[in-house]
$ cat my_file-v7.cif   # mmCIF, C-alpha atoms
data_data
#
loop_
_atom_site.label_atom_id
_atom_site.label_comp_id
_atom_site.auth_asym_id
_atom_site.auth_seq_id
_atom_site.Cartn_x
_atom_site.Cartn_y
_atom_site.Cartn_z
CA MET A 239 25.64 -29.15 16.74
CA ALA A 240 26.63 -27.29 13.59
CA GLU A 241 23.69 -28.77 11.74
CA SER A 242 21.35 -27.70 14.52
CA LYS A 243 22.63 -24.11 14.37
CA ARG A 244 22.30 -24.09 10.60
CA SER A 245 18.73 -25.35 10.90
CA VAL A 246 17.86 -22.58 13.37
CA SER A 247 19.49 -19.90 11.22
CA THR A 248 17.61 -21.17 8.18
CA LEU A 249 14.37 -20.97 10.14
CA ILE A 250 15.03 -17.41 11.30
CA PHE A 251 16.19 -16.19 7.90
CA ALA A 252 13.18 -17.79 6.20
CA VAL A 253 10.77 -16.05 8.59
CA ILE A 254 12.46 -12.67 8.08
CA ALA A 255 12.57 -13.16 4.30
CA THR A 256 8.90 -14.06 4.14
CA ILE A 257 7.83 -11.05 6.21
CA LEU A 258 9.93 -8.67 4.10
CA ILE A 259 8.69 -10.08 0.79
CA VAL A 260 5.03 -10.25 1.73
CA PHE A 261 4.92 -6.69 3.07
CA SER A 262 6.82 -5.51 0.01
CA VAL A 263 4.07 -7.06 -2.09
CA VAL A 264 1.59 -4.89 -0.16
CA VAL A 265 3.50 -1.75 -1.15
CA ALA A 266 3.74 -2.95 -4.76
CA CYS A 267 -0.04 -3.41 -4.87
CA VAL A 268 -0.57 0.06 -3.42
CA GLN A 269 1.78 1.51 -6.02
CA GLY A 270 0.02 -0.34 -8.81
CA PHE A 271 -3.49 0.83 -7.95
CA ALA A 272 -3.13 4.14 -6.11
CA PHE A 273 -1.54 5.82 -9.13
CA ASP A 274 -3.94 4.57 -11.79
CA SER A 275 -5.56 7.77 -13.09
CA ALA A 276 -8.22 5.73 -14.90
CA PHE A 277 -9.43 4.43 -11.53
CA TYR A 278 -10.04 7.98 -10.26
CA LYS A 279 -11.91 9.00 -13.40
CA GLN A 280 -14.11 5.94 -13.05
CA GLU A 281 -14.76 6.69 -9.38
CA TYR A 282 -15.52 10.34 -10.06
CA ALA A 283 -18.08 9.31 -12.65
CA SER A 284 -19.77 6.68 -10.48
CA LEU A 285 -19.82 8.89 -7.37
CA GLY A 286 -20.86 12.07 -9.18
CA THR A 287 -17.86 13.90 -7.73
CA ALA A 288 -17.83 16.78 -10.21
CA ALA A 289 -21.37 17.77 -9.22
CA LYS A 290 -20.25 18.10 -5.57
CA LEU A 291 -17.47 20.56 -6.44
CA ASP A 292 -17.65 24.22 -7.30
CA ALA A 293 -17.49 25.14 -11.00
CA ALA A 294 -13.71 25.72 -11.01
CA GLY A 295 -13.07 22.48 -9.12
CA ALA A 296 -15.23 20.41 -11.45
CA ALA A 297 -13.65 21.90 -14.57
CA ASN A 298 -10.12 21.12 -13.39
CA ILE A 299 -10.67 17.85 -11.52
CA ASP A 300 -8.67 15.63 -13.90
CA LEU A 301 -5.78 18.09 -14.10
CA ALA A 302 -5.74 18.45 -10.32
CA THR A 303 -5.75 14.67 -9.86
CA ASP A 304 -2.85 14.20 -12.27
CA GLN A 305 -0.95 16.99 -10.48
CA LEU A 306 -1.46 15.28 -7.14
CA LEU A 307 -0.44 11.83 -8.34
CA GLY A 308 2.60 13.27 -10.10
CA TYR A 309 3.61 15.18 -6.98
CA LEU A 310 3.47 12.09 -4.77
CA GLN A 311 5.65 10.21 -7.26
CA GLY A 312 8.16 13.03 -7.46
CA GLN A 313 7.23 13.99 -11.02
CA GLU A 314 5.85 17.39 -9.98
CA GLU A 315 7.73 19.81 -7.76
CA SER A 316 4.69 21.12 -5.95
CA LEU A 317 0.90 21.10 -5.77
CA ASP A 318 0.68 24.67 -6.96
CA LEU A 319 -2.12 24.73 -9.51
CA VAL A 320 -3.55 28.14 -10.29
CA MET A 321 -6.93 28.30 -12.00
CA GLY A 322 -7.79 31.38 -14.03
CA THR A 323 -5.93 33.58 -16.47
CA ASP A 324 -5.93 36.85 -14.56
CA ASP A 325 -3.53 38.04 -11.88
CA TRP A 326 -5.67 36.77 -9.02
CA GLY A 327 -6.17 33.21 -10.17
CA GLN A 328 -7.26 30.83 -7.43
CA GLU A 329 -5.16 27.95 -6.12
CA TYR A 330 -6.86 24.58 -6.53
CA TYR A 331 -5.43 23.10 -3.32
CA ASN A 332 -5.30 25.09 -0.09
CA ASP A 333 -2.34 25.35 2.30
CA ARG A 334 -3.61 22.71 4.71
CA GLU A 335 -4.06 20.19 1.89
CA LYS A 336 -0.57 20.90 0.60
CA ALA A 337 0.91 20.47 4.07
CA HIS A 338 -0.84 17.11 4.47
CA MET A 339 0.40 15.95 1.08
CA ILE A 340 3.98 16.64 2.19
CA ASP A 341 3.41 14.02 4.89
CA VAL A 342 1.72 11.63 2.45
CA LYS A 343 4.57 11.97 -0.03
CA ALA A 344 7.15 11.25 2.68
CA LEU A 345 5.15 8.19 3.76
CA TYR A 346 4.92 6.93 0.17
CA GLN A 347 8.61 7.49 -0.56
CA ASN A 348 9.56 5.65 2.64
CA ALA A 349 7.25 2.81 1.64
CA LEU A 350 8.96 2.59 -1.75
CA THR A 351 12.37 2.44 -0.06
CA PHE A 352 11.10 -0.35 2.16
CA MET A 353 9.68 -2.21 -0.84
CA VAL A 354 12.96 -2.16 -2.76
CA ALA A 355 14.97 -3.13 0.32
CA GLY A 356 12.40 -5.76 1.26
CA PHE A 357 12.45 -7.49 -2.11
CA CYS A 358 16.27 -7.36 -2.30
CA VAL A 359 17.06 -8.44 1.27
CA GLY A 360 14.11 -10.83 1.52
CA GLY A 361 14.91 -12.38 -1.84
CA ALA A 362 18.57 -12.79 -0.93
CA LEU A 363 17.73 -14.43 2.40
CA LEU A 364 15.21 -16.74 0.77
CA MET A 365 17.71 -17.78 -1.86
CA TYR A 366 20.31 -18.41 0.85
CA CYS A 367 17.86 -20.68 2.67
CA MET A 368 16.84 -22.56 -0.45
CA LEU A 369 20.30 -23.06 -1.94
CA HIS A 370 21.59 -25.30 0.84
CA LYS A 371 22.78 -28.59 -0.54
CA LYS A 372 20.65 -30.60 1.86
CA ARG A 373 17.09 -31.23 0.71
CA ALA A 374 15.86 -30.90 4.30
CA TYR A 375 16.70 -27.19 4.37
CA LEU A 376 14.69 -26.54 1.24
CA LYS A 377 11.71 -28.36 2.70
CA GLN A 378 12.08 -26.41 5.94
CA THR A 379 12.22 -23.12 4.06
CA LEU A 380 9.08 -23.95 2.10
CA ARG A 381 7.23 -24.89 5.30
CA VAL A 382 8.34 -21.72 7.05
CA TYR A 383 7.35 -19.60 4.04
CA PHE A 384 3.94 -21.26 3.92
CA PHE A 385 3.06 -20.94 7.61
CA THR A 386 4.51 -17.45 8.01
CA THR A 387 2.53 -16.30 4.98
CA VAL A 388 -0.63 -17.86 6.36
CA GLY A 389 -0.09 -15.96 9.61
CA ILE A 390 0.32 -12.67 7.74
CA LEU A 391 -2.73 -13.45 5.62
CA VAL A 392 -4.85 -13.93 8.73
CA PHE A 393 -3.72 -10.47 9.85
CA PHE A 394 -4.71 -8.87 6.55
CA VAL A 395 -7.99 -10.77 6.36
CA CYS A 396 -8.85 -9.30 9.76
CA ILE A 397 -7.98 -5.84 8.44
CA GLY A 398 -10.16 -6.48 5.39
CA ILE A 399 -13.10 -7.49 7.58
CA TRP A 400 -12.56 -4.42 9.75
CA ALA A 401 -12.53 -2.16 6.70
CA ALA A 402 -15.62 -3.83 5.24
CA VAL A 403 -17.60 -3.56 8.49
CA ASP A 404 -16.58 -0.02 9.51
CA PHE A 405 -14.37 1.67 6.92
CA ASN A 406 -14.59 5.06 8.60
CA ASN A 407 -13.12 3.68 11.83
CA PHE A 408 -10.45 1.79 9.89
CA TRP A 409 -9.50 4.88 7.88
CA ILE A 410 -9.29 7.15 10.92
CA SER A 411 -7.16 4.58 12.76
CA PHE A 412 -4.88 4.29 9.72
CA HIS A 413 -4.22 8.03 9.84
CA HIS A 414 -3.58 8.00 13.58
CA VAL A 415 -0.98 5.25 13.09
CA PHE A 416 0.89 6.78 10.15
CA PHE A 417 0.61 10.53 10.80
CA THR A 418 1.71 12.51 13.85
CA ASN A 419 -0.50 15.56 13.23
CA ASP A 420 -4.11 16.34 12.35
CA LEU A 421 -3.51 17.88 8.93
CA TRP A 422 -5.43 14.96 7.41
CA ILE A 423 -8.65 16.29 8.99
CA LEU A 424 -9.99 18.47 6.18
CA ASP A 425 -13.10 20.64 6.07
CA PRO A 426 -15.41 19.84 3.12
CA GLN A 427 -16.52 23.46 3.19
CA THR A 428 -13.04 24.67 2.24
CA SER A 429 -11.30 21.57 0.84
CA ARG A 430 -11.77 20.28 -2.68
CA MET A 431 -9.47 17.37 -1.85
CA ILE A 432 -11.83 15.90 0.75
CA ILE A 433 -14.65 16.02 -1.79
CA MET A 434 -12.57 14.51 -4.59
CA PHE A 435 -11.15 11.72 -2.47
CA GLU A 436 -14.18 10.82 -0.42
CA GLU A 437 -14.50 7.81 1.84
CA GLN A 438 -16.17 5.56 -0.74
CA LEU A 439 -13.35 6.15 -3.22
CA PHE A 440 -10.78 5.05 -0.66
CA ALA A 441 -12.95 2.10 0.35
CA ASP A 442 -13.02 0.95 -3.28
CA LEU A 443 -9.26 1.52 -3.60
CA VAL A 444 -8.44 -0.44 -0.44
CA ALA A 445 -10.72 -3.27 -1.59
CA ARG A 446 -8.85 -3.53 -4.91
CA ILE A 447 -5.47 -3.47 -3.21
CA LEU A 448 -6.42 -6.11 -0.65
CA ALA A 449 -8.07 -8.38 -3.22
CA THR A 450 -5.01 -8.32 -5.48
CA PHE A 451 -2.59 -8.72 -2.58
CA LEU A 452 -4.49 -11.70 -1.20
CA ALA A 453 -4.67 -13.35 -4.63
CA ILE A 454 -0.90 -13.01 -5.15
CA VAL A 455 0.12 -14.12 -1.67
CA VAL A 456 -2.39 -16.95 -1.41
CA GLY A 457 -1.17 -18.24 -4.77
CA ALA A 458 2.46 -18.10 -3.65
CA ALA A 459 1.69 -19.80 -0.34
CA ALA A 460 -0.31 -22.51 -2.07
CA ALA A 461 2.55 -23.14 -4.48
CA ALA A 462 5.01 -23.46 -1.59
CA GLY A 463 2.67 -25.86 0.19
CA ILE A 464 2.17 -28.03 -2.90
CA ILE A 465 5.89 -28.22 -3.64
CA ASN A 466 6.64 -29.12 -0.04
CA LYS A 467 4.05 -31.92 -0.06
CA ARG A 468 5.41 -33.35 -3.29
CA MET A 469 8.95 -33.28 -1.92
CA ALA A 470 7.72 -35.06 1.23
CA LYS A 471 6.12 -37.82 -0.87
CA HIS A 472 9.34 -38.38 -2.77
CA GLY A 473 11.51 -38.38 0.33
#

$ encode --input "my_file-v7.cif" --output "structure tokens"
Amino acid sequence: MAESKRSVSTLIFAVIATILIVFSVVVACVQGFAFDSAFYKQEYASLGTAAKLDAAGAANIDLATDQLLGYLQGQEESLDLVMGTDDWGQEYYNDREKAHMIDVKALYQNALTFMVAGFCVGGALLMYCMLHKKRAYLKQTLRVYFFTTVGILVFFVCIGIWAAVDFNNFWISFHHVFFTNDLWILDPQTSRMIIMFEEQLFADLVARILATFLAIVVGAAAAAGIINKRMAKHG
């Protein structure tokens, strides 16, 4: 009876650990790519972004991008960026853009908190499952990790297909899920931000994040599967 309960607890803990770790990897991939200033410069060049902006916007595009990325990471206190040397210098970002970025920053900071907690709690649970003296528990943990990861991968592959087929629908749905207001709906006539960060840029960013995430998680799942098979062969 005790062994049966321990087996069930190991199963449950292994599932929870896998979910926490895999979704933490998602956040880590977002963090790694979304704040790469070189990526934005490359995208701006390939998409001809500067030519779509007004003169002041084009001249300050790199500075404005760095200000935005720094703000989201907590390195800048605000998005206040005044262009011009006289007393009536123009703000680069308008009030609606700044209000939306408050929401984006909160979402990102919450995601970071989840990532840290996910890796710590998930890692601790996984270690607990794998450090049982009985070999059977280790094999069970590896199997659970493998199949749970495969299930999550199917979910993200479906998301990837959705984004590839109709990115606009995917992107709008993403905002409806994670934001409770419509501040993310920006007017290209008055918003430099919507011109700078156009749909194709985000499509390219999401593709990089998903590709890296899938490579990491598929590799980890494959390793777990191989180890489990070898353990099965050797009893």

$ closest_residue --input "my_file-v7.cif" --among "A:Ala458, A:Val388, A:Ala296, A:Ala302" --to "Leu319 (chain A)" --atoms "only C-alpha atoms"
A:Ala302

$ closest_residue --input "my_file-v7.cif" --among "A:Ile447, A:Val455, A:Leu363, A:Ile299" --to "Gly270 (chain A)" --atoms "all atoms listed in the file"
A:Ile447

$ closest_residue --input "my_file-v7.cif" --among "A:Leu285, A:Val265, A:Ile423, A:Ala355" --to "His338 (chain A)" --atoms "all atoms listed in the file"
A:Ile423

$ closest_residue --input "my_file-v7.cif" --among "A:Ala289, A:Val382, A:Leu345, A:Gly312" --to "Thr418 (chain A)" --atoms "only C-alpha atoms"
A:Leu345

$ residues_near_point --input "my_file-v7.cif" --point "(0.2, 13.0, -7.2)" --cutoff "12 Å" --atoms "all atoms listed in the file" --output "count of residues only"
32

$ build_atoms --input "my_file-v7.cif" --residues "region 330-356 of chain A" --atoms "N, CA and C atoms" --output "PDB file, in the frame of the given file"
ATOM      1  N   TYR A 330      -5.926  25.704  -6.614  1.00  0.00           N
ATOM      2  CA  TYR A 330      -6.860  24.580  -6.530  1.00  0.00           C
ATOM      3  C   TYR A 330      -6.805  23.959  -5.131  1.00  0.00           C
ATOM      4  N   TYR A 331      -5.592  23.704  -4.641  1.00  0.00           N
ATOM      5  CA  TYR A 331      -5.430  23.100  -3.320  1.00  0.00           C
ATOM      6  C   TYR A 331      -5.043  24.180  -2.308  1.00  0.00           C
ATOM      7  N   ASN A 332      -5.629  24.096  -1.109  1.00  0.00           N
ATOM      8  CA  ASN A 332      -5.300  25.090  -0.090  1.00  0.00           C
ATOM      9  C   ASN A 332      -4.043  24.686   0.692  1.00  0.00           C
ATOM     10  N   ASP A 333      -3.602  25.570   1.583  1.00  0.00           N
ATOM     11  CA  ASP A 333      -2.340  25.350   2.300  1.00  0.00           C
ATOM     12  C   ASP A 333      -2.376  24.113   3.191  1.00  0.00           C
ATOM     13  N   ARG A 334      -3.505  23.862   3.830  1.00  0.00           N
ATOM     14  CA  ARG A 334      -3.610  22.710   4.710  1.00  0.00           C
ATOM     15  C   ARG A 334      -3.510  21.409   3.911  1.00  0.00           C
ATOM     16  N   GLU A 335      -4.140  21.374   2.759  1.00  0.00           N
ATOM     17  CA  GLU A 335      -4.060  20.190   1.890  1.00  0.00           C
ATOM     18  C   GLU A 335      -2.632  19.963   1.432  1.00  0.00           C
ATOM     19  N   LYS A 336      -1.956  21.016   1.048  1.00  0.00           N
ATOM     20  CA  LYS A 336      -0.570  20.900   0.600  1.00  0.00           C
ATOM     21  C   LYS A 336       0.332  20.396   1.724  1.00  0.00           C
ATOM     22  N   ALA A 337       0.098  20.900   2.931  1.00  0.00           N
ATOM     23  CA  ALA A 337       0.910  20.470   4.070  1.00  0.00           C
ATOM     24  C   ALA A 337       0.690  18.983   4.355  1.00  0.00           C
ATOM     25  N   HIS A 338      -0.554  18.534   4.248  1.00  0.00           N
ATOM     26  CA  HIS A 338      -0.840  17.110   4.470  1.00  0.00           C
ATOM     27  C   HIS A 338      -0.179  16.251   3.398  1.00  0.00           C
ATOM     28  N   MET A 339      -0.186  16.725   2.169  1.00  0.00           N
ATOM     29  CA  MET A 339       0.400  15.950   1.080  1.00  0.00           C
ATOM     30  C   MET A 339       1.930  15.838   1.207  1.00  0.00           C
ATOM     31  N   ILE A 340       2.537  16.779   1.895  1.00  0.00           N
ATOM     32  CA  ILE A 340       3.980  16.640   2.190  1.00  0.00           C
ATOM     33  C   ILE A 340       4.195  15.399   3.034  1.00  0.00           C
ATOM     34  N   ASP A 341       3.323  15.202   4.030  1.00  0.00           N
ATOM     35  CA  ASP A 341       3.410  14.020   4.890  1.00  0.00           C
ATOM     36  C   ASP A 341       3.107  12.743   4.106  1.00  0.00           C
ATOM     37  N   VAL A 342       2.097  12.809   3.242  1.00  0.00           N
ATOM     38  CA  VAL A 342       1.720  11.630   2.450  1.00  0.00           C
ATOM     39  C   VAL A 342       2.848  11.244   1.500  1.00  0.00           C
ATOM     40  N   LYS A 343       3.461  12.241   0.884  1.00  0.00           N
ATOM     41  CA  LYS A 343       4.570  11.970  -0.030  1.00  0.00           C
ATOM     42  C   LYS A 343       5.735  11.320   0.695  1.00  0.00           C
ATOM     43  N   ALA A 344       6.057  11.826   1.896  1.00  0.00           N
ATOM     44  CA  ALA A 344       7.150  11.250   2.680  1.00  0.00           C
ATOM     45  C   ALA A 344       6.830   9.805   3.047  1.00  0.00           C
ATOM     46  N   LEU A 345       5.572   9.546   3.426  1.00  0.00           N
ATOM     47  CA  LEU A 345       5.150   8.190   3.760  1.00  0.00           C
ATOM     48  C   LEU A 345       5.291   7.268   2.558  1.00  0.00           C
ATOM     49  N   TYR A 346       4.858   7.745   1.395  1.00  0.00           N
ATOM     50  CA  TYR A 346       4.920   6.930   0.170  1.00  0.00           C
ATOM     51  C   TYR A 346       6.365   6.658  -0.234  1.00  0.00           C
ATOM     52  N   GLN A 347       7.207   7.670  -0.179  1.00  0.00           N
ATOM     53  CA  GLN A 347       8.610   7.490  -0.560  1.00  0.00           C
ATOM     54  C   GLN A 347       9.319   6.518   0.394  1.00  0.00           C
ATOM     55  N   ASN A 348       8.988   6.598   1.674  1.00  0.00           N
ATOM     56  CA  ASN A 348       9.560   5.650   2.640  1.00  0.00           C
ATOM     57  C   ASN A 348       9.072   4.236   2.362  1.00  0.00           C
ATOM     58  N   ALA A 349       7.804   4.127   1.972  1.00  0.00           N
ATOM     59  CA  ALA A 349       7.250   2.810   1.640  1.00  0.00           C
ATOM     60  C   ALA A 349       7.944   2.222   0.421  1.00  0.00           C
ATOM     61  N   LEU A 350       8.240   3.055  -0.566  1.00  0.00           N
ATOM     62  CA  LEU A 350       8.960   2.590  -1.750  1.00  0.00           C
ATOM     63  C   LEU A 350      10.360   2.102  -1.389  1.00  0.00           C
ATOM     64  N   THR A 351      11.030   2.853  -0.514  1.00  0.00           N
ATOM     65  CA  THR A 351      12.370   2.440  -0.060  1.00  0.00           C
ATOM     66  C   THR A 351      12.291   1.089   0.636  1.00  0.00           C
ATOM     67  N   PHE A 352      11.280   0.933   1.479  1.00  0.00           N
ATOM     68  CA  PHE A 352      11.100  -0.350   2.160  1.00  0.00           C
ATOM     69  C   PHE A 352      10.835  -1.467   1.160  1.00  0.00           C
ATOM     70  N   MET A 353      10.009  -1.189   0.150  1.00  0.00           N
ATOM     71  CA  MET A 353       9.680  -2.210  -0.840  1.00  0.00           C
ATOM     72  C   MET A 353      10.919  -2.702  -1.578  1.00  0.00           C
ATOM     73  N   VAL A 354      11.739  -1.781  -2.037  1.00  0.00           N
ATOM     74  CA  VAL A 354      12.960  -2.160  -2.760  1.00  0.00           C
ATOM     75  C   VAL A 354      13.898  -2.951  -1.853  1.00  0.00           C
ATOM     76  N   ALA A 355      14.102  -2.432  -0.635  1.00  0.00           N
ATOM     77  CA  ALA A 355      14.970  -3.130   0.320  1.00  0.00           C
ATOM     78  C   ALA A 355      14.383  -4.479   0.703  1.00  0.00           C
ATOM     79  N   GLY A 356      13.062  -4.517   0.866  1.00  0.00           N
ATOM     80  CA  GLY A 356      12.400  -5.760   1.260  1.00  0.00           C
ATOM     81  C   GLY A 356      12.536  -6.849   0.221  1.00  0.00           C
TER      82      GLY A 356
END
